[in-house]
$ cat query.cif   # mmCIF, C-alpha atoms
data_start
loop_
_atom_site.label_atom_id
_atom_site.label_comp_id
_atom_site.auth_asym_id
_atom_site.auth_seq_id
_atom_site.Cartn_x
_atom_site.Cartn_y
_atom_site.Cartn_z
CA MET A 841 43.76 21.27 56.30
CA SER A 842 45.09 18.59 58.58
CA ASP A 843 46.12 16.51 55.63
CA GLY A 844 48.69 19.09 54.71
CA LEU A 845 46.71 20.44 51.82
CA SER A 846 48.08 23.87 50.95
CA VAL A 847 45.97 26.85 50.09
CA LYS A 848 47.24 26.71 46.55
CA GLN A 849 46.35 23.07 46.23
CA LEU A 850 42.90 23.69 47.68
CA THR A 851 42.33 26.54 45.24
CA ASP A 852 43.23 24.25 42.41
CA VAL A 853 40.72 21.72 43.61
CA ILE A 854 37.99 24.28 43.99
CA THR A 855 38.52 25.99 40.67
CA SER A 856 39.33 22.94 38.59
CA ALA A 857 36.48 20.96 37.08
CA LEU A 858 36.45 17.63 35.34
CA PRO A 859 33.95 16.97 32.56
CA ASN A 860 30.87 15.06 33.70
CA ARG A 861 32.23 14.98 37.30
CA THR A 862 30.95 16.57 40.53
CA THR A 863 33.57 17.64 43.11
CA VAL A 864 32.57 16.59 46.65
CA PHE A 865 34.19 17.89 49.87
CA GLU A 866 33.66 15.82 52.99
CA VAL A 867 35.07 16.26 56.56
CA ILE A 868 35.73 12.86 58.13
CA GLU A 869 36.68 11.95 61.71
CA ALA A 870 40.16 10.46 61.63
CA VAL A 871 40.71 7.05 63.14
CA GLU A 872 42.67 6.64 66.41
CA GLY A 873 42.24 10.22 67.62
CA GLN A 874 44.04 11.88 64.81
CA GLY A 875 41.43 14.61 64.50
CA LYS A 876 39.56 15.32 61.31
CA ARG A 877 40.50 15.29 57.70
CA LEU A 878 39.13 16.77 54.55
CA GLU A 879 38.54 14.38 51.71
CA VAL A 880 37.97 15.56 48.18
CA CYS A 881 36.58 13.28 45.50
CA HIS A 882 35.06 13.52 42.06
CA ILE A 883 31.79 11.68 41.43
CA ALA A 884 30.71 10.89 37.90
CA ASP A 885 27.45 12.55 36.96
CA LYS A 886 24.59 10.47 35.71
CA PRO A 887 24.22 10.94 31.96
CA GLN A 888 21.39 13.30 31.13
CA PRO A 889 18.73 11.82 28.83
CA LEU A 890 18.77 13.23 25.34
CA PRO A 891 15.85 15.49 24.52
CA PRO A 892 13.23 13.72 22.41
CA VAL A 893 13.59 14.28 18.69
CA PRO A 894 10.28 15.49 17.25
CA SER A 895 8.99 13.31 14.44
CA PRO A 896 6.66 14.58 11.71
CA ALA A 897 2.99 13.96 12.38
CA ARG A 898 1.32 11.35 10.19
CA LEU A 899 -1.93 12.91 9.06
CA ARG A 900 -4.48 10.81 7.24
CA ALA A 901 -4.93 11.81 3.61
CA HIS A 902 -6.67 8.79 2.03
CA GLU A 903 -8.44 8.86 -1.33
CA PHE A 904 -11.62 6.84 -1.78
CA ASN A 905 -12.91 5.92 -5.24
CA ASP A 906 -16.34 4.54 -4.37
CA ILE A 907 -19.02 5.95 -2.12
CA GLU A 908 -19.67 2.65 -0.33
CA GLY A 909 -16.05 2.41 0.82
CA LEU A 910 -16.10 6.01 2.05
CA SER A 911 -19.37 5.42 3.87
CA HIS A 912 -17.97 2.41 5.72
CA TYR A 913 -14.81 4.33 6.66
CA LEU A 914 -16.76 7.26 8.09
CA GLN A 915 -18.96 4.92 10.09
CA VAL A 916 -15.82 3.76 11.91
CA TYR A 917 -13.63 6.88 11.98
CA GLY A 918 -16.11 9.72 11.55
CA SER A 919 -17.91 11.65 14.27
CA GLU A 920 -20.37 14.48 14.86
CA ARG A 921 -17.42 16.84 14.23
CA THR A 922 -16.74 15.47 10.73
CA VAL A 923 -17.51 17.77 7.77
CA VAL A 924 -18.03 16.57 4.18
CA LEU A 925 -18.03 19.18 1.40
CA ALA A 926 -18.53 18.07 -2.22
CA ASP A 927 -17.46 20.06 -5.28
CA VAL A 928 -19.80 19.16 -8.17
CA GLN A 929 -17.67 20.89 -10.81
CA GLN A 930 -14.57 18.91 -9.87
CA LEU A 931 -16.49 15.72 -9.02
CA THR A 932 -14.52 15.56 -5.78
CA ALA A 933 -15.50 15.64 -2.10
CA CYS A 934 -13.16 16.57 0.74
CA ILE A 935 -13.76 15.38 4.29
CA SER A 936 -12.39 17.06 7.43
CA LEU A 937 -12.40 14.26 10.00
CA ASN A 938 -12.45 16.49 13.09
CA GLU A 939 -13.21 20.21 12.84
CA GLU A 940 -12.26 20.77 16.50
CA ASN A 941 -8.80 19.21 16.39
CA GLY A 942 -6.31 20.85 14.08
CA GLU A 943 -3.32 21.28 16.38
CA GLY A 944 -0.99 19.52 13.94
CA GLY A 945 -3.01 20.33 10.86
CA PHE A 946 -6.50 19.12 10.01
CA GLU A 947 -6.80 15.54 8.80
CA THR A 948 -8.67 15.33 5.52
CA VAL A 949 -9.58 12.47 3.22
CA THR A 950 -11.07 12.75 -0.26
CA PHE A 951 -13.69 11.08 -2.40
CA LYS A 952 -12.71 11.02 -6.06
CA PRO A 953 -14.97 8.67 -8.01
CA VAL A 954 -13.57 6.53 -10.81
CA PHE A 955 -15.55 6.03 -13.99
CA HIS A 956 -16.90 2.55 -14.59
CA PRO A 957 -14.95 0.74 -17.35
CA ALA A 958 -18.08 0.44 -19.52
CA PHE A 959 -18.82 4.16 -19.24
CA ALA A 960 -15.17 5.03 -19.92
CA THR A 961 -15.17 2.78 -23.01
CA TRP A 962 -18.16 4.52 -24.56
CA MET A 963 -16.82 7.96 -23.69
CA LYS A 964 -13.76 7.23 -25.86
CA ILE A 965 -15.88 7.57 -29.00
CA VAL A 966 -17.87 10.61 -27.87
CA GLY A 967 -16.74 13.62 -29.86
CA GLN A 968 -15.04 11.36 -32.40
CA THR A 969 -15.66 10.80 -36.12
CA LEU A 970 -15.29 7.17 -37.19
CA PRO A 971 -15.61 5.32 -40.48
CA VAL A 972 -19.05 3.77 -40.47
CA LEU A 973 -17.72 0.20 -40.45
CA ASP A 974 -15.42 0.97 -37.49
CA PHE A 975 -18.39 2.39 -35.65
CA ALA A 976 -20.40 -0.71 -36.54
CA SER A 977 -17.66 -2.95 -35.13
CA PHE A 978 -17.53 -0.92 -31.91
CA VAL A 979 -21.29 -1.10 -31.38
CA MET A 980 -21.36 -4.85 -32.05
CA ALA A 981 -18.56 -5.43 -29.52
CA ASN A 982 -20.40 -3.42 -26.86
CA ARG A 983 -24.00 -4.14 -27.83
CA ARG A 984 -25.03 -5.49 -24.41
CA PHE A 985 -25.06 -1.89 -23.13
CA VAL A 986 -27.16 -0.64 -26.09
CA GLU A 987 -30.92 -0.43 -26.08
CA ASP A 988 -32.24 -2.61 -28.91
CA GLY A 989 -28.68 -3.76 -29.42
CA ARG A 990 -29.72 -6.94 -31.21
CA SER A 991 -31.42 -5.04 -34.07
CA LEU A 992 -28.42 -2.79 -34.44
CA ALA A 993 -26.10 -5.80 -34.47
CA ILE A 994 -28.08 -7.30 -37.38
CA LEU A 995 -28.00 -3.99 -39.26
CA PHE A 996 -24.27 -3.55 -38.76
CA SER A 997 -23.60 -7.16 -39.72
CA GLN A 998 -25.23 -6.47 -43.09
CA MET A 999 -23.12 -3.37 -43.47
CA ARG A 1000 -19.90 -5.24 -42.76
CA MET A 1001 -20.76 -7.86 -45.41
CA SER A 1002 -21.75 -5.30 -48.01
CA LYS A 1003 -19.75 -4.62 -51.14
CA LYS A 1004 -20.53 -0.95 -51.18
CA ILE A 1005 -22.03 1.66 -48.87
CA GLU A 1006 -23.29 5.02 -50.10
CA ILE A 1007 -24.95 7.96 -48.46
CA ALA A 1008 -28.67 8.17 -49.20
CA GLN A 1009 -29.92 11.37 -47.65
CA GLY A 1010 -33.34 12.49 -48.77
CA ARG A 1011 -34.97 9.12 -48.14
CA GLY A 1012 -36.57 7.65 -45.08
CA LYS A 1013 -38.63 9.30 -42.37
CA LYS A 1014 -36.17 11.99 -41.36
CA ALA A 1015 -33.67 11.55 -44.16
CA LEU A 1016 -30.62 12.30 -42.00
CA ASN A 1017 -28.77 9.01 -41.59
CA GLY A 1018 -29.89 7.05 -44.66
CA ILE A 1019 -27.41 4.84 -46.50
CA MET A 1020 -27.60 2.48 -49.46
CA VAL A 1021 -26.02 -0.91 -48.83
CA SER A 1022 -25.03 -3.10 -51.79
CA VAL A 1023 -25.36 -6.79 -50.94
CA GLU A 1024 -24.38 -9.70 -53.16
CA ILE A 1025 -26.10 -13.06 -52.60
CA GLY A 1026 -25.52 -16.02 -54.94
CA GLY A 1027 -23.88 -13.79 -57.52
CA THR A 1028 -26.84 -11.40 -57.52
CA ARG A 1029 -26.19 -7.91 -56.24
CA SER A 1030 -28.98 -5.86 -54.75
CA GLU A 1031 -29.18 -2.51 -53.08
CA GLU A 1032 -31.03 -1.98 -49.81
CA PHE A 1033 -31.85 1.26 -48.10
CA GLN A 1034 -30.89 1.29 -44.42
CA GLU A 1035 -31.46 4.08 -41.97
CA LEU A 1036 -29.02 4.36 -39.08
CA PRO A 1037 -30.60 5.71 -35.90
CA GLU A 1038 -30.08 9.38 -35.19
CA THR A 1039 -29.92 8.64 -31.49
CA LEU A 1040 -28.35 5.74 -29.64
CA PHE A 1041 -29.25 4.99 -26.03
CA ILE A 1042 -26.83 3.13 -23.77
CA ASN A 1043 -27.33 1.98 -20.19
CA VAL A 1044 -24.05 2.01 -18.27
CA PRO A 1045 -22.94 2.68 -14.69
CA VAL A 1046 -21.18 6.05 -14.52
CA PHE A 1047 -18.97 5.35 -11.47
CA LEU A 1048 -17.81 2.20 -9.73
CA GLN A 1049 -20.67 0.50 -7.86
CA SER A 1050 -23.27 2.96 -9.15
CA GLU A 1051 -26.53 2.05 -10.85
CA PRO A 1052 -26.75 2.18 -14.69
CA TRP A 1053 -27.73 5.50 -16.26
CA ARG A 1054 -29.48 5.98 -19.58
CA VAL A 1055 -27.11 8.02 -21.73
CA GLU A 1056 -28.15 9.48 -25.07
CA LEU A 1057 -25.67 9.56 -27.95
CA ASP A 1058 -26.37 11.57 -31.11
CA LEU A 1059 -25.20 10.14 -34.46
CA LEU A 1060 -24.63 12.02 -37.67
CA VAL A 1061 -23.77 10.14 -40.87
CA PHE A 1062 -21.98 11.98 -43.69
CA GLU A 1063 -19.83 11.32 -46.70
CA ARG A 1064 -16.26 12.49 -47.21
CA ASP A 1065 -13.86 11.47 -49.96
CA ASN A 1066 -16.26 8.71 -51.07
CA GLU A 1067 -16.25 7.26 -47.54
CA ILE A 1068 -19.10 7.15 -45.03
CA TYR A 1069 -18.37 8.45 -41.52
CA VAL A 1070 -20.29 8.69 -38.27
CA THR A 1071 -19.84 11.52 -35.78
CA ILE A 1072 -20.85 10.69 -32.20
CA SER A 1073 -21.82 13.41 -29.72
CA ALA A 1074 -23.44 13.46 -26.29
CA ASN A 1075 -24.80 16.76 -25.04
CA ASP A 1076 -25.96 15.43 -21.68
CA VAL A 1077 -22.82 13.58 -20.56
CA GLU A 1078 -21.73 16.35 -18.17
CA THR A 1079 -25.23 16.38 -16.69
CA VAL A 1080 -25.17 12.61 -16.24
CA ARG A 1081 -21.82 12.76 -14.44
CA ALA A 1082 -22.98 15.56 -12.16
CA ASN A 1083 -26.29 13.83 -11.38
CA GLN A 1084 -24.53 10.61 -10.45
CA PHE A 1085 -22.09 12.49 -8.20
CA ILE A 1086 -24.94 14.36 -6.51
CA ALA A 1087 -26.80 11.07 -6.04
CA ASP A 1088 -23.72 9.53 -4.38
CA ILE A 1089 -23.30 12.45 -1.97
CA THR A 1090 -27.02 12.38 -1.17
CA ARG A 1091 -26.78 8.68 -0.40
CA LEU A 1092 -23.77 9.33 1.82
CA ARG A 1093 -25.69 12.03 3.71
CA GLU A 1094 -28.58 9.66 4.33
CA LYS A 1095 -26.26 6.89 5.47
CA MET A 1096 -24.27 9.12 7.83
CA GLY A 1097 -27.51 10.48 9.28
CA GLU A 1098 -28.18 7.03 10.72
CA PHE A 1099 -24.89 7.09 12.66
CA TYR A 1100 -24.08 10.78 13.21
CA PRO A 1101 -27.17 12.98 12.85
CA ASP A 1102 -25.14 16.20 13.25
CA MET A 1103 -22.44 15.37 10.70
CA ALA A 1104 -22.37 18.05 7.99
CA VAL A 1105 -22.60 16.47 4.52
CA THR A 1106 -23.26 19.07 1.83
CA PHE A 1107 -21.77 20.82 -1.20
CA GLY A 1108 -18.83 23.22 -1.16
CA LYS A 1109 -15.04 23.21 -0.69
CA ILE A 1110 -12.90 22.42 2.35
CA GLN A 1111 -10.56 25.36 3.00
CA PHE A 1112 -8.32 26.31 5.92
CA LYS A 1113 -6.21 29.39 6.56
CA ASP A 1114 -3.60 30.22 9.18
CA GLY A 1115 -4.71 32.24 12.19
CA GLU A 1116 -3.14 33.79 15.28
CA PHE A 1117 -3.92 32.42 18.72
CA LEU A 1118 -3.22 33.77 22.20
CA ARG A 1119 -2.23 31.08 24.63
CA GLY A 1120 -2.45 31.58 28.39
#
$ encode --input "query.cif" --output "structure tokens"
Amino acid sequence: MSDGLSVKQLTDVITSALPNRTTVFEVIEAVEGQGKRLEVCHIADKPQPLPPVPSPARLRAHEFNDIEGLSHYLQVYGSERTVVLADVQQLTACISLNEENGEGGFETVTFKPVFHPAFATWMKIVGQTLPVLDFASFVMANRRFVEDGRSLAILFSQMRMSKKIEIAQGRGKKALNGIMVSVEIGGTRSEEFQELPETLFINVPVFLQSEPWRVELDLLVFERDNEIYVTISANDVETVRANQFIADITRLREKMGEFYPDMAVTFGKIQFKDGEFLRG
């Protein structure tokens, strides 16, 4: 109090606060024998660091369209704790990359195969009814995938050059797809009996980078409004798709067994549900 600081003034100093300042009281020996004095000062506080702002976790959720690409990825990023479950009905496999680490949500990637362009092209006519000449044009354009495609191309070429095509059921070996083709050569018109095959076999890859499969197409020729039509059906297409998918997953299992013998690669569905945990 030697500096003449009154009680009231001292109370003001004690009770008053400045923002971001610390009030410091210090007793100092006065120079030249003048006793001691009380000095009061305000020291600026160091700015407190801002709390970190949480950012959303970036979980991997890739989609692979070919089994070779997925296999290579799992060789690098998979482990013994990776689980692959394939759903045959949906033609989709889901992969949990690490079954023991789901603190921020389990990371999953998927395998969703894409149909090969050749297979997709032929599937466009399955279940369709086409005029016979349109069907002939389609087969000729895609004959390299057809068994005995050259013979069919010759047959359909004759049909496209014909003046008239009529149904001719009741003739031929099975008498289902017989037609009469009128051909005019050098001014002379003649009629020829032709029998379209009841079954057409094509060899096409089902998915990208898969081996060709032998697919059977059923043909039915009929007449409507004086026009000849062909209906194309394929009873085993679903089986072919499923078999190719199963073959891909089996190949993946064999490949992963070379790198991670305990990796689970089988058929099913990846599913997670929330649970309650006690933390110590």
$ residues_around --input "query.cif" --residues "segment 1058-1064 of chain A" --least-positions-apart "4" --cutoff "7 Å" --atoms "only C-alpha atoms" --output "PyMOL selection string"
chain A and resi 1007+1017+1038-1040+1068-1074
$ write_last_selection --input "query.cif" --atoms "C-alpha atoms" --output "compact mmCIF listing (two decimals), in the frame of the given file"
# COMPACT_ATOMS: atom_id res chain seq x y z
CA ILE A 1007 -24.95 7.96 -48.46
CA ASN A 1017 -28.77 9.01 -41.59
CA GLU A 1038 -30.08 9.38 -35.19
CA THR A 1039 -29.92 8.64 -31.49
CA LEU A 1040 -28.35 5.74 -29.64
CA ILE A 1068 -19.10 7.15 -45.03
CA TYR A 1069 -18.37 8.45 -41.52
CA VAL A 1070 -20.29 8.69 -38.27
CA THR A 1071 -19.84 11.52 -35.78
CA ILE A 1072 -20.85 10.69 -32.20
CA SER A 1073 -21.82 13.41 -29.72
CA ALA A 1074 -23.44 13.46 -26.29
$ residues_around --input "query.cif" --residues "Trp962 of chain A" --least-positions-apart "5" --cutoff "12 Å" --atoms "all atoms listed in the file" --output "number ranges by chain"
A: 955-957, 967-968, 975, 978-979, 981-983, 985-986, 1040-1046, 1055-1057, 1072-1074, 1077
$ resolve_selection --input "query.cif" --expression "the PyMOL selection byres ((chain A and resi 954) around 8)" --output "MDAnalysis selection string"
chainID A and resid 905:906 952:953 955:956 1047:1048
$ residues_around --input "query.cif" --residues "Thr1106 of chain A" --least-positions-apart "6" --cutoff "10 Å" --atoms "only C-alpha atoms" --output "ChimeraX atom specification"
/A:923-927,933,1086,1089-1090,1092-1093
$ atom_distance --input "query.cif" --atom1 "atom CA of Gln1034 of chain A" --atom2 "atom CA of Ala976 of chain A"
13.3 Å
$ atom_distance --input "query.cif" --atom1 "atom CA of Gln1111 of chain A" --atom2 "atom CA of Val949 of chain A"
12.9 Å
$ closest_residue --input "query.cif" --among "A:Glu939, A:Tyr1100, A:Ile994, A:Ser977" --to "Ser919 of chain A" --atoms "all atoms listed in the file"
A:Tyr1100
$ resolve_selection --input "query.cif" --expression "the PyMOL selection byres ((chain A and resi 911) around 10)" --output "PDB file with C-alpha atoms, keeping the file's coordinate frame"
ATOM      1  CA  PHE A 904     -11.620   6.840  -1.780  1.00  0.00           C
ATOM      2  CA  ASP A 906     -16.340   4.540  -4.370  1.00  0.00           C
ATOM      3  CA  ILE A 907     -19.020   5.950  -2.120  1.00  0.00           C
ATOM      4  CA  GLU A 908     -19.670   2.650  -0.330  1.00  0.00           C
ATOM      5  CA  GLY A 909     -16.050   2.410   0.820  1.00  0.00           C
ATOM      6  CA  LEU A 910     -16.100   6.010   2.050  1.00  0.00           C
ATOM      7  CA  HIS A 912     -17.970   2.410   5.720  1.00  0.00           C
ATOM      8  CA  TYR A 913     -14.810   4.330   6.660  1.00  0.00           C
ATOM      9  CA  LEU A 914     -16.760   7.260   8.090  1.00  0.00           C
ATOM     10  CA  GLN A 915     -18.960   4.920  10.090  1.00  0.00           C
ATOM     11  CA  VAL A 916     -15.820   3.760  11.910  1.00  0.00           C
ATOM     12  CA  GLY A 918     -16.110   9.720  11.550  1.00  0.00           C
ATOM     13  CA  ILE A1089     -23.300  12.450  -1.970  1.00  0.00           C
ATOM     14  CA  ARG A1091     -26.780   8.680  -0.400  1.00  0.00           C
ATOM     15  CA  LEU A1092     -23.770   9.330   1.820  1.00  0.00           C
ATOM     16  CA  ARG A1093     -25.690  12.030   3.710  1.00  0.00           C
ATOM     17  CA  LYS A1095     -26.260   6.890   5.470  1.00  0.00           C
ATOM     18  CA  MET A1096     -24.270   9.120   7.830  1.00  0.00           C
TER      19      MET A1096
END
$ atom_distance --input "query.cif" --atom1 "atom CA of Thr932 of chain A" --atom2 "atom CA of Glu947 of chain A"
16.5 Å
$ closest_residue --input "query.cif" --among "A:Gln930, A:Asn1066, A:Gln1084, A:Asn941" --to "Glu1051 of chain A" --atoms "only C-alpha atoms"
A:Gln1084
